[in-house]
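Content type mmCIF, C-alpha atoms, from the file data-v6.cif:
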```
data_structure
loop_
_atom_site.label_atom_id
_atom_site.label_comp_id
_atom_site.auth_asym_id
_atom_site.auth_seq_id
_atom_site.Cartn_x
_atom_site.Cartn_y
_atom_site.Cartn_z
CA MET N 1 5.81 87.82 6.79
CA LEU N 2 5.66 84.31 5.32
CA ASP N 3 3.98 82.91 8.41
CA ARG N 4 1.49 85.78 8.42
CA LEU N 5 0.69 85.11 4.76
CA LYS N 6 0.07 81.45 5.53
CA GLU N 7 -2.27 82.31 8.42
CA ASP N 8 -4.08 84.97 6.39
CA MET N 9 -4.54 82.49 3.57
CA LYS N 10 -6.18 80.02 5.96
CA SER N 11 -8.50 82.68 7.36
CA ALA N 12 -9.43 83.89 3.85
CA MET N 13 -10.27 80.29 2.91
CA ARG N 14 -12.43 79.85 6.01
CA ALA N 15 -14.22 83.17 5.37
CA LYS N 16 -14.62 82.30 1.67
CA GLU N 17 -12.97 85.59 0.63
CA LYS N 18 -12.04 84.55 -2.91
CA ALA N 19 -10.55 87.88 -4.03
CA ARG N 20 -8.35 88.19 -0.93
CA LEU N 21 -7.29 84.55 -1.20
CA THR N 22 -6.28 85.04 -4.83
CA VAL N 23 -4.11 88.04 -3.95
CA ILE N 24 -2.45 86.23 -1.04
CA ARG N 25 -1.68 83.27 -3.29
CA SER N 26 -0.21 85.59 -5.92
CA ILE N 27 2.00 87.20 -3.24
CA GLN N 28 3.23 83.77 -2.19
CA ALA N 29 3.91 82.82 -5.82
CA GLU N 30 5.86 86.02 -6.48
CA LEU N 31 7.94 85.50 -3.32
CA LYS N 32 8.59 81.87 -4.25
CA ASN N 33 9.67 82.87 -7.76
CA ALA N 34 11.98 85.56 -6.39
CA GLY N 35 13.51 83.01 -3.99
CA ILE N 36 14.12 80.60 -6.86
CA GLU N 37 15.68 83.38 -8.93
CA LYS N 38 17.98 84.25 -6.06
CA LYS N 39 19.03 80.75 -5.09
CA GLY N 40 18.32 78.72 -8.21
CA ASN N 41 16.54 75.36 -8.19
CA GLU N 42 19.80 73.53 -7.54
CA GLY N 43 20.42 75.51 -4.35
CA LEU N 44 17.12 74.53 -2.75
CA THR N 45 17.45 72.30 0.29
CA GLU N 46 15.00 69.99 2.04
CA GLU N 47 14.99 71.88 5.34
CA VAL N 48 13.63 75.07 3.74
CA GLU N 49 9.92 74.64 3.03
CA SER N 50 9.71 77.46 0.47
CA PRO N 51 12.25 79.24 -1.73
CA ALA N 52 10.79 82.50 -0.38
CA HIS N 53 12.69 81.78 2.86
CA TYR N 54 15.92 82.58 1.00
CA LEU N 55 14.83 86.22 0.67
CA SER N 56 15.73 88.82 3.25
CA GLU N 57 12.95 90.98 4.64
CA GLY N 58 14.10 93.85 2.41
CA GLU N 59 13.96 91.60 -0.66
CA GLN N 60 10.47 90.42 0.29
CA LEU N 61 9.31 94.03 0.65
CA ALA N 62 10.86 94.89 -2.73
CA VAL N 63 8.79 92.09 -4.33
CA LEU N 64 5.63 93.46 -2.71
CA ARG N 65 6.41 97.02 -3.81
CA SER N 66 6.94 95.76 -7.34
CA MET N 67 3.55 94.04 -7.24
CA VAL N 68 1.90 97.27 -6.09
CA LYS N 69 3.64 99.26 -8.83
CA LYS N 70 2.51 96.81 -11.53
CA ARG N 71 -1.07 97.00 -10.29
CA ARG N 72 -0.99 100.81 -10.15
CA ASP N 73 0.25 100.90 -13.74
CA SER N 74 -2.48 98.47 -14.78
CA ALA N 75 -5.15 100.45 -12.95
CA GLU N 76 -4.01 103.59 -14.75
CA GLN N 77 -4.16 101.82 -18.11
CA TYR N 78 -7.62 100.45 -17.37
CA GLU N 79 -8.83 103.90 -16.38
CA GLN N 80 -7.53 105.39 -19.62
CA GLY N 81 -9.26 102.58 -21.50
CA GLY N 82 -12.56 103.24 -19.76
CA ARG N 83 -12.55 99.94 -17.85
CA GLU N 84 -13.40 101.09 -14.33
CA ASP N 85 -14.45 97.55 -13.37
CA LEU N 86 -10.93 96.20 -14.00
CA ARG N 87 -9.35 99.29 -12.43
CA ASP N 88 -11.34 98.67 -9.26
CA ILE N 89 -10.10 95.08 -9.10
CA GLU N 90 -6.48 96.25 -9.37
CA LEU N 91 -7.03 98.88 -6.67
CA SER N 92 -8.60 96.35 -4.31
CA GLU N 93 -5.61 94.03 -4.85
CA ILE N 94 -3.28 96.91 -3.99
CA GLU N 95 -5.12 97.35 -0.69
CA VAL N 96 -4.50 93.70 0.23
CA ILE N 97 -0.81 93.81 -0.74
CA GLU N 98 -0.23 97.06 1.17
CA GLN N 99 -1.33 95.33 4.38
CA TYR N 100 2.01 93.51 4.28
CA LEU N 101 4.11 96.62 3.67
CA PRO N 102 5.37 98.87 6.47
CA GLN N 103 3.60 102.20 6.92
CA PRO N 104 5.14 104.84 4.65
CA LEU N 105 6.98 107.77 6.19
CA SER N 106 5.17 111.08 6.41
CA THR N 107 6.46 114.14 4.54
CA GLU N 108 7.82 115.56 7.80
CA GLU N 109 9.60 112.29 8.64
CA ILE N 110 11.15 112.16 5.16
CA GLU N 111 12.34 115.75 5.47
CA ALA N 112 13.88 115.07 8.90
CA LEU N 113 15.57 111.94 7.57
CA ILE N 114 17.05 113.88 4.63
CA GLN N 115 18.21 116.71 6.93
CA GLU N 116 19.94 114.12 9.10
CA ALA N 117 21.61 112.53 6.04
CA ILE N 118 22.75 115.98 4.79
CA ALA N 119 24.34 116.72 8.17
CA GLU N 120 25.87 113.24 8.33
CA VAL N 121 27.70 113.55 4.99
CA GLY N 122 28.33 117.29 5.26
CA ALA N 123 26.53 118.05 2.00
CA SER N 124 26.38 121.65 0.86
CA SER N 125 25.37 121.55 -2.82
CA MET N 126 23.65 119.46 -5.48
CA ALA N 127 27.03 117.89 -6.23
CA ASP N 128 26.61 115.97 -2.96
CA MET N 129 23.19 114.56 -3.87
CA GLY N 130 24.53 111.03 -4.46
CA LYS N 131 26.17 110.95 -1.03
CA VAL N 132 22.98 112.16 0.64
CA MET N 133 20.85 109.59 -1.21
CA LYS N 134 23.28 106.82 -0.29
CA ALA N 135 22.99 107.79 3.38
CA ALA N 136 19.21 108.36 3.30
CA GLN N 137 18.01 105.23 1.51
CA PRO N 138 18.97 102.71 4.22
CA LYS N 139 17.35 104.96 6.83
CA ALA N 140 14.11 105.03 4.84
CA ALA N 141 14.24 101.21 4.75
CA GLY N 142 11.68 100.89 1.99
CA ARG N 143 9.19 103.17 3.72
CA ALA N 144 9.63 105.99 1.19
CA ASP N 145 9.72 105.99 -2.58
CA GLY N 146 13.13 106.79 -4.10
CA LYS N 147 11.63 109.54 -6.25
CA ILE N 148 10.17 111.27 -3.20
CA LEU N 149 13.54 111.02 -1.44
CA SER N 150 15.41 112.47 -4.40
CA ASP N 151 12.87 115.28 -4.85
CA THR N 152 13.26 116.19 -1.17
CA VAL N 153 17.06 116.11 -1.43
CA ARG N 154 16.92 118.39 -4.49
CA ARG N 155 14.61 120.81 -2.69
CA LEU N 156 16.76 120.93 0.45
CA LEU N 157 20.12 121.16 -1.34
CA GLY N 158 18.94 123.36 -4.20
#
```

Rewritten as structure tokens:
Amino acid sequence: MLDRLKEDMKSAMRAKEKARLTVIRSIQAELKNAGIEKKGNEGLTEEVESPAHYLSEGEQLAVLRSMVKKRRDSAEQYEQGGREDLRDIELSEIEVIEQYLPQPLSTEEIEALIQEAIAEVGASSMADMGKVMKAAQPKAAGRADGKILSDTVRRLLG
């Protein structure tokens, strides 16, 4: 992902896409900050060009999902405040960030994944929800929101 960001930044500069370039730079900054938080400034070594390299792919995706969530919250606030111009900016930034996230699972795929997790742990009631969630979350691999997973588990076990 980091190499793709670097290449996309170069192409956005060449095409003079200021808004896209700004979002890509903010993604890089967030990833760098997360890498520093994880490793600490003292742990940085010369052979790693960016602290973002210390993050696993899952950690990088978590940073991106957090950025999307913040922008969705902001867009909602702007809409409530009657600032459609600022809401539109937030929504366009979300579109750029989502290009770096894996495609989300469909409702059918989520349901199949939960059914598989239920069978795997032998769940039979809501008391087993934690076990099912623990088995399902790694399979979703960041491609489904935790709330959607838990709602589906409740529906299937309830």

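For the set N:Leu55, N:Ile27, N:Val63, N:Leu101, the residue with the smallest atom-to-atom gap to Lys39 in chain N is N:Leu55, counting only C-alpha atoms.
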
Output the residue selection produced by the PyMOL selection byres ((chain N and resi 151-156) around 8) on the file above, formatted as a list in words.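 Here the PyMOL selection byres ((chain N and resi 151-156) around 8) matches Ile110, Glu111, Ile114, Gln115, Met126, Met129, Val132, Met133, Lys147, Ile148, Leu149, Ser150, Leu157 and Gly158 of chain N.
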
Grab the residues selected above and save them as a PDB file, keeping the file's coordinate frame with C-alpha atoms.
```pdb
ATOM      1  CA  ILE N 110      11.150 112.160   5.160  1.00  0.00           C
ATOM      2  CA  GLU N 111      12.340 115.750   5.470  1.00  0.00           C
ATOM      3  CA  ILE N 114      17.050 113.880   4.630  1.00  0.00           C
ATOM      4  CA  GLN N 115      18.210 116.710   6.930  1.00  0.00           C
ATOM      5  CA  MET N 126      23.650 119.460  -5.480  1.00  0.00           C
ATOM      6  CA  MET N 129      23.190 114.560  -3.870  1.00  0.00           C
ATOM      7  CA  VAL N 132      22.980 112.160   0.640  1.00  0.00           C
ATOM      8  CA  MET N 133      20.850 109.590  -1.210  1.00  0.00           C
ATOM      9  CA  LYS N 147      11.630 109.540  -6.250  1.00  0.00           C
ATOM     10  CA  ILE N 148      10.170 111.270  -3.200  1.00  0.00           C
ATOM     11  CA  LEU N 149      13.540 111.020  -1.440  1.00  0.00           C
ATOM     12  CA  SER N 150      15.410 112.470  -4.400  1.00  0.00           C
ATOM     13  CA  LEU N 157      20.120 121.160  -1.340  1.00  0.00           C
ATOM     14  CA  GLY N 158      18.940 123.360  -4.200  1.00  0.00           C
TER      15      GLY N 158
END
```

Name the residues in contact with Val23 in chain N at a cut-off of 9 Å, using only C-alpha atoms, excluding same-chain residues fewer than 2 positions from it; report them as a list in words.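 Skipping anything fewer than 2 positions along the chain leaves Lys18, Ala19, Arg20, Leu21, Arg25, Ser26, Ile27, Gln28, Glu93, Ile94, Val96 and Ile97 of chain N.
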
Which residues are near Lys131 in chain N? Cut-off 9 Å, all atoms listed in the file, ignore same chain within fewer than 3 positions. Put them as a list of chain:residue names. N:Ala117, N:Ile118, N:Val121, N:Ala123, N:Ala127, N:Asp128, N:Lys134, N:Ala135, N:Ala136

Write out as JSON an axis-aligned box for range 132-146 of chain N: all of its atoms listed in the file, 4 Å added on each side, centre and edge lengths in Å with one decimal.
```
{"center_x": 16.2, "center_y": 106.5, "center_z": 1.4, "size_x": 22.1, "size_y": 19.3, "size_z": 18.9}
```

Considering all atoms listed in the file, state which residue in the set N:Glu17, N:Asp8, N:Asp3, N:Glu120 is at the smallest distance from His53 in chain N. N:Asp3

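The space separating CA of Asp88 in chain N from CA of Ala75 in chain N comes to 7.4 Å.
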
Work out how far CA of Leu31 in chain N is from CA of Lys10 in chain N, in Å to one decimal.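 Interatomic distance here is 17.8 Å.
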
Looking at N:Lys32, N:Lys139, N:Arg71, N:Arg83, which one is nearest to Glu95 in chain N, with distances taken over only C-alpha atoms? N:Arg71

Straight-line distance linking CA of Arg4 in chain N with CA of Gln137 in chain N, stated in Å to one decimal: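 Between CA of Arg4 in chain N and CA of Gln137 in chain N the gap is 26.4 Å.
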
Take range 92-136 of chain N from the block and save it with N, CA and C atoms, as a PDB file, in the first residue's frame.
```
ATOM      1  N   SER N  92     -15.875  13.591  -0.544  1.00  0.00           N
ATOM      2  CA  SER N  92     -14.931  13.348  -1.640  1.00  0.00           C
ATOM      3  C   SER N  92     -13.615  12.778  -1.094  1.00  0.00           C
ATOM      4  N   GLU N  93     -13.219  13.198   0.119  1.00  0.00           N
ATOM      5  CA  GLU N  93     -12.015  12.632   0.735  1.00  0.00           C
ATOM      6  C   GLU N  93     -12.230  11.167   1.082  1.00  0.00           C
ATOM      7  N   ILE N  94     -13.434  10.828   1.526  1.00  0.00           N
ATOM      8  CA  ILE N  94     -13.753   9.427   1.828  1.00  0.00           C
ATOM      9  C   ILE N  94     -13.582   8.573   0.583  1.00  0.00           C
ATOM     10  N   GLU N  95     -14.035   9.086  -0.565  1.00  0.00           N
ATOM     11  CA  GLU N  95     -13.912   8.329  -1.815  1.00  0.00           C
ATOM     12  C   GLU N  95     -12.452   8.007  -2.133  1.00  0.00           C
ATOM     13  N   VAL N  96     -11.567   8.971  -1.904  1.00  0.00           N
ATOM     14  CA  VAL N  96     -10.143   8.743  -2.176  1.00  0.00           C
ATOM     15  C   VAL N  96      -9.581   7.700  -1.212  1.00  0.00           C
ATOM     16  N   ILE N  97      -9.891   7.844   0.075  1.00  0.00           N
ATOM     17  CA  ILE N  97      -9.357   6.907   1.077  1.00  0.00           C
ATOM     18  C   ILE N  97      -9.858   5.492   0.811  1.00  0.00           C
ATOM     19  N   GLU N  98     -11.126   5.361   0.436  1.00  0.00           N
ATOM     20  CA  GLU N  98     -11.711   4.028   0.217  1.00  0.00           C
ATOM     21  C   GLU N  98     -11.064   3.293  -0.949  1.00  0.00           C
ATOM     22  N   GLN N  99     -10.366   4.003  -1.824  1.00  0.00           N
ATOM     23  CA  GLN N  99      -9.669   3.335  -2.926  1.00  0.00           C
ATOM     24  C   GLN N  99      -8.539   2.440  -2.416  1.00  0.00           C
ATOM     25  N   TYR N 100      -8.097   2.695  -1.192  1.00  0.00           N
ATOM     26  CA  TYR N 100      -7.003   1.920  -0.614  1.00  0.00           C
ATOM     27  C   TYR N 100      -7.499   0.828   0.331  1.00  0.00           C
ATOM     28  N   LEU N 101      -8.794   0.758   0.534  1.00  0.00           N
ATOM     29  CA  LEU N 101      -9.385  -0.266   1.394  1.00  0.00           C
ATOM     30  C   LEU N 101      -9.878  -1.429   0.540  1.00  0.00           C
ATOM     31  N   PRO N 102      -9.850  -2.647   1.074  1.00  0.00           N
ATOM     32  CA  PRO N 102     -10.392  -3.779   0.317  1.00  0.00           C
ATOM     33  C   PRO N 102     -11.906  -3.633   0.168  1.00  0.00           C
ATOM     34  N   GLN N 103     -12.446  -4.250  -0.875  1.00  0.00           N
ATOM     35  CA  GLN N 103     -13.887  -4.196  -1.108  1.00  0.00           C
ATOM     36  C   GLN N 103     -14.621  -4.841   0.062  1.00  0.00           C
ATOM     37  N   PRO N 104     -15.661  -4.173   0.571  1.00  0.00           N
ATOM     38  CA  PRO N 104     -16.403  -4.756   1.692  1.00  0.00           C
ATOM     39  C   PRO N 104     -17.168  -6.013   1.262  1.00  0.00           C
ATOM     40  N   LEU N 105     -17.407  -6.883   2.224  1.00  0.00           N
ATOM     41  CA  LEU N 105     -18.168  -8.100   1.960  1.00  0.00           C
ATOM     42  C   LEU N 105     -19.636  -7.760   1.740  1.00  0.00           C
ATOM     43  N   SER N 106     -20.287  -8.526   0.887  1.00  0.00           N
ATOM     44  CA  SER N 106     -21.721  -8.337   0.669  1.00  0.00           C
ATOM     45  C   SER N 106     -22.490  -8.940   1.843  1.00  0.00           C
ATOM     46  N   THR N 107     -23.763  -8.623   1.944  1.00  0.00           N
ATOM     47  CA  THR N 107     -24.606  -9.152   3.018  1.00  0.00           C
ATOM     48  C   THR N 107     -24.608 -10.680   2.988  1.00  0.00           C
ATOM     49  N   GLU N 108     -24.684 -11.252   1.789  1.00  0.00           N
ATOM     50  CA  GLU N 108     -24.697 -12.711   1.655  1.00  0.00           C
ATOM     51  C   GLU N 108     -23.372 -13.311   2.118  1.00  0.00           C
ATOM     52  N   GLU N 109     -22.260 -12.656   1.753  1.00  0.00           N
ATOM     53  CA  GLU N 109     -20.947 -13.157   2.164  1.00  0.00           C
ATOM     54  C   GLU N 109     -20.776 -13.088   3.683  1.00  0.00           C
ATOM     55  N   ILE N 110     -21.278 -12.009   4.286  1.00  0.00           N
ATOM     56  CA  ILE N 110     -21.205 -11.870   5.746  1.00  0.00           C
ATOM     57  C   ILE N 110     -22.010 -12.971   6.413  1.00  0.00           C
ATOM     58  N   GLU N 111     -23.220 -13.214   5.896  1.00  0.00           N
ATOM     59  CA  GLU N 111     -24.079 -14.243   6.472  1.00  0.00           C
ATOM     60  C   GLU N 111     -23.428 -15.624   6.362  1.00  0.00           C
ATOM     61  N   ALA N 112     -22.822 -15.920   5.212  1.00  0.00           N
ATOM     62  CA  ALA N 112     -22.148 -17.207   5.028  1.00  0.00           C
ATOM     63  C   ALA N 112     -20.961 -17.338   5.972  1.00  0.00           C
ATOM     64  N   LEU N 113     -20.225 -16.260   6.149  1.00  0.00           N
ATOM     65  CA  LEU N 113     -19.082 -16.245   7.043  1.00  0.00           C
ATOM     66  C   LEU N 113     -19.524 -16.507   8.482  1.00  0.00           C
ATOM     67  N   ILE N 114     -20.617 -15.878   8.901  1.00  0.00           N
ATOM     68  CA  ILE N 114     -21.137 -16.067  10.264  1.00  0.00           C
ATOM     69  C   ILE N 114     -21.644 -17.500  10.436  1.00  0.00           C
ATOM     70  N   GLN N 115     -22.347 -18.021   9.441  1.00  0.00           N
ATOM     71  CA  GLN N 115     -22.832 -19.411   9.504  1.00  0.00           C
ATOM     72  C   GLN N 115     -21.659 -20.371   9.685  1.00  0.00           C
ATOM     73  N   GLU N 116     -20.591 -20.113   8.950  1.00  0.00           N
ATOM     74  CA  GLU N 116     -19.390 -20.948   9.042  1.00  0.00           C
ATOM     75  C   GLU N 116     -18.782 -20.860  10.450  1.00  0.00           C
ATOM     76  N   ALA N 117     -18.724 -19.644  11.004  1.00  0.00           N
ATOM     77  CA  ALA N 117     -18.170 -19.452  12.349  1.00  0.00           C
ATOM     78  C   ALA N 117     -19.050 -20.130  13.392  1.00  0.00           C
ATOM     79  N   ILE N 118     -20.378 -20.072  13.230  1.00  0.00           N
ATOM     80  CA  ILE N 118     -21.304 -20.723  14.162  1.00  0.00           C
ATOM     81  C   ILE N 118     -21.063 -22.231  14.157  1.00  0.00           C
ATOM     82  N   ALA N 119     -20.934 -22.801  12.953  1.00  0.00           N
ATOM     83  CA  ALA N 119     -20.686 -24.240  12.843  1.00  0.00           C
ATOM     84  C   ALA N 119     -19.319 -24.603  13.433  1.00  0.00           C
ATOM     85  N   GLU N 120     -18.339 -23.752  13.190  1.00  0.00           N
ATOM     86  CA  GLU N 120     -16.974 -24.007  13.660  1.00  0.00           C
ATOM     87  C   GLU N 120     -16.889 -24.093  15.185  1.00  0.00           C
ATOM     88  N   VAL N 121     -17.585 -23.180  15.878  1.00  0.00           N
ATOM     89  CA  VAL N 121     -17.516 -23.163  17.344  1.00  0.00           C
ATOM     90  C   VAL N 121     -18.651 -23.945  17.992  1.00  0.00           C
ATOM     91  N   GLY N 122     -19.581 -24.428  17.188  1.00  0.00           N
ATOM     92  CA  GLY N 122     -20.705 -25.191  17.723  1.00  0.00           C
ATOM     93  C   GLY N 122     -21.670 -24.344  18.534  1.00  0.00           C
ATOM     94  N   ALA N 123     -21.871 -23.119  18.124  1.00  0.00           N
ATOM     95  CA  ALA N 123     -22.747 -22.197  18.861  1.00  0.00           C
ATOM     96  C   ALA N 123     -24.205 -22.590  18.681  1.00  0.00           C
ATOM     97  N   SER N 124     -24.969 -22.409  19.778  1.00  0.00           N
ATOM     98  CA  SER N 124     -26.391 -22.753  19.707  1.00  0.00           C
ATOM     99  C   SER N 124     -27.273 -21.669  20.308  1.00  0.00           C
ATOM    100  N   SER N 125     -26.679 -20.718  21.034  1.00  0.00           N
ATOM    101  CA  SER N 125     -27.493 -19.676  21.665  1.00  0.00           C
ATOM    102  C   SER N 125     -26.708 -18.370  21.730  1.00  0.00           C
ATOM    103  N   MET N 126     -27.383 -17.326  22.195  1.00  0.00           N
ATOM    104  CA  MET N 126     -26.741 -16.016  22.319  1.00  0.00           C
ATOM    105  C   MET N 126     -25.572 -16.054  23.307  1.00  0.00           C
ATOM    106  N   ALA N 127     -25.554 -17.019  24.188  1.00  0.00           N
ATOM    107  CA  ALA N 127     -24.452 -17.145  25.142  1.00  0.00           C
ATOM    108  C   ALA N 127     -23.124 -17.401  24.417  1.00  0.00           C
ATOM    109  N   ASP N 128     -23.204 -17.925  23.204  1.00  0.00           N
ATOM    110  CA  ASP N 128     -22.013 -18.240  22.422  1.00  0.00           C
ATOM    111  C   ASP N 128     -21.601 -17.106  21.486  1.00  0.00           C
ATOM    112  N   MET N 129     -22.230 -15.951  21.599  1.00  0.00           N
ATOM    113  CA  MET N 129     -21.970 -14.854  20.667  1.00  0.00           C
ATOM    114  C   MET N 129     -20.491 -14.453  20.651  1.00  0.00           C
ATOM    115  N   GLY N 130     -19.868 -14.368  21.812  1.00  0.00           N
ATOM    116  CA  GLY N 130     -18.455 -13.992  21.891  1.00  0.00           C
ATOM    117  C   GLY N 130     -17.558 -14.953  21.126  1.00  0.00           C
ATOM    118  N   LYS N 131     -17.837 -16.249  21.260  1.00  0.00           N
ATOM    119  CA  LYS N 131     -17.048 -17.253  20.548  1.00  0.00           C
ATOM    120  C   LYS N 131     -17.205 -17.092  19.044  1.00  0.00           C
ATOM    121  N   VAL N 132     -18.453 -16.857  18.612  1.00  0.00           N
ATOM    122  CA  VAL N 132     -18.725 -16.704  17.179  1.00  0.00           C
ATOM    123  C   VAL N 132     -18.013 -15.461  16.643  1.00  0.00           C
ATOM    124  N   MET N 133     -18.105 -14.361  17.378  1.00  0.00           N
ATOM    125  CA  MET N 133     -17.453 -13.120  16.951  1.00  0.00           C
ATOM    126  C   MET N 133     -15.939 -13.298  16.868  1.00  0.00           C
ATOM    127  N   LYS N 134     -15.380 -14.009  17.846  1.00  0.00           N
ATOM    128  CA  LYS N 134     -13.937 -14.242  17.863  1.00  0.00           C
ATOM    129  C   LYS N 134     -13.504 -15.051  16.638  1.00  0.00           C
ATOM    130  N   ALA N 135     -14.340 -15.990  16.224  1.00  0.00           N
ATOM    131  CA  ALA N 135     -14.024 -16.802  15.048  1.00  0.00           C
ATOM    132  C   ALA N 135     -14.294 -16.047  13.746  1.00  0.00           C
ATOM    133  N   ALA N 136     -15.302 -15.166  13.745  1.00  0.00           N
ATOM    134  CA  ALA N 136     -15.714 -14.489  12.515  1.00  0.00           C
ATOM    135  C   ALA N 136     -14.832 -13.294  12.157  1.00  0.00           C
TER     136      ALA N 136
END
```
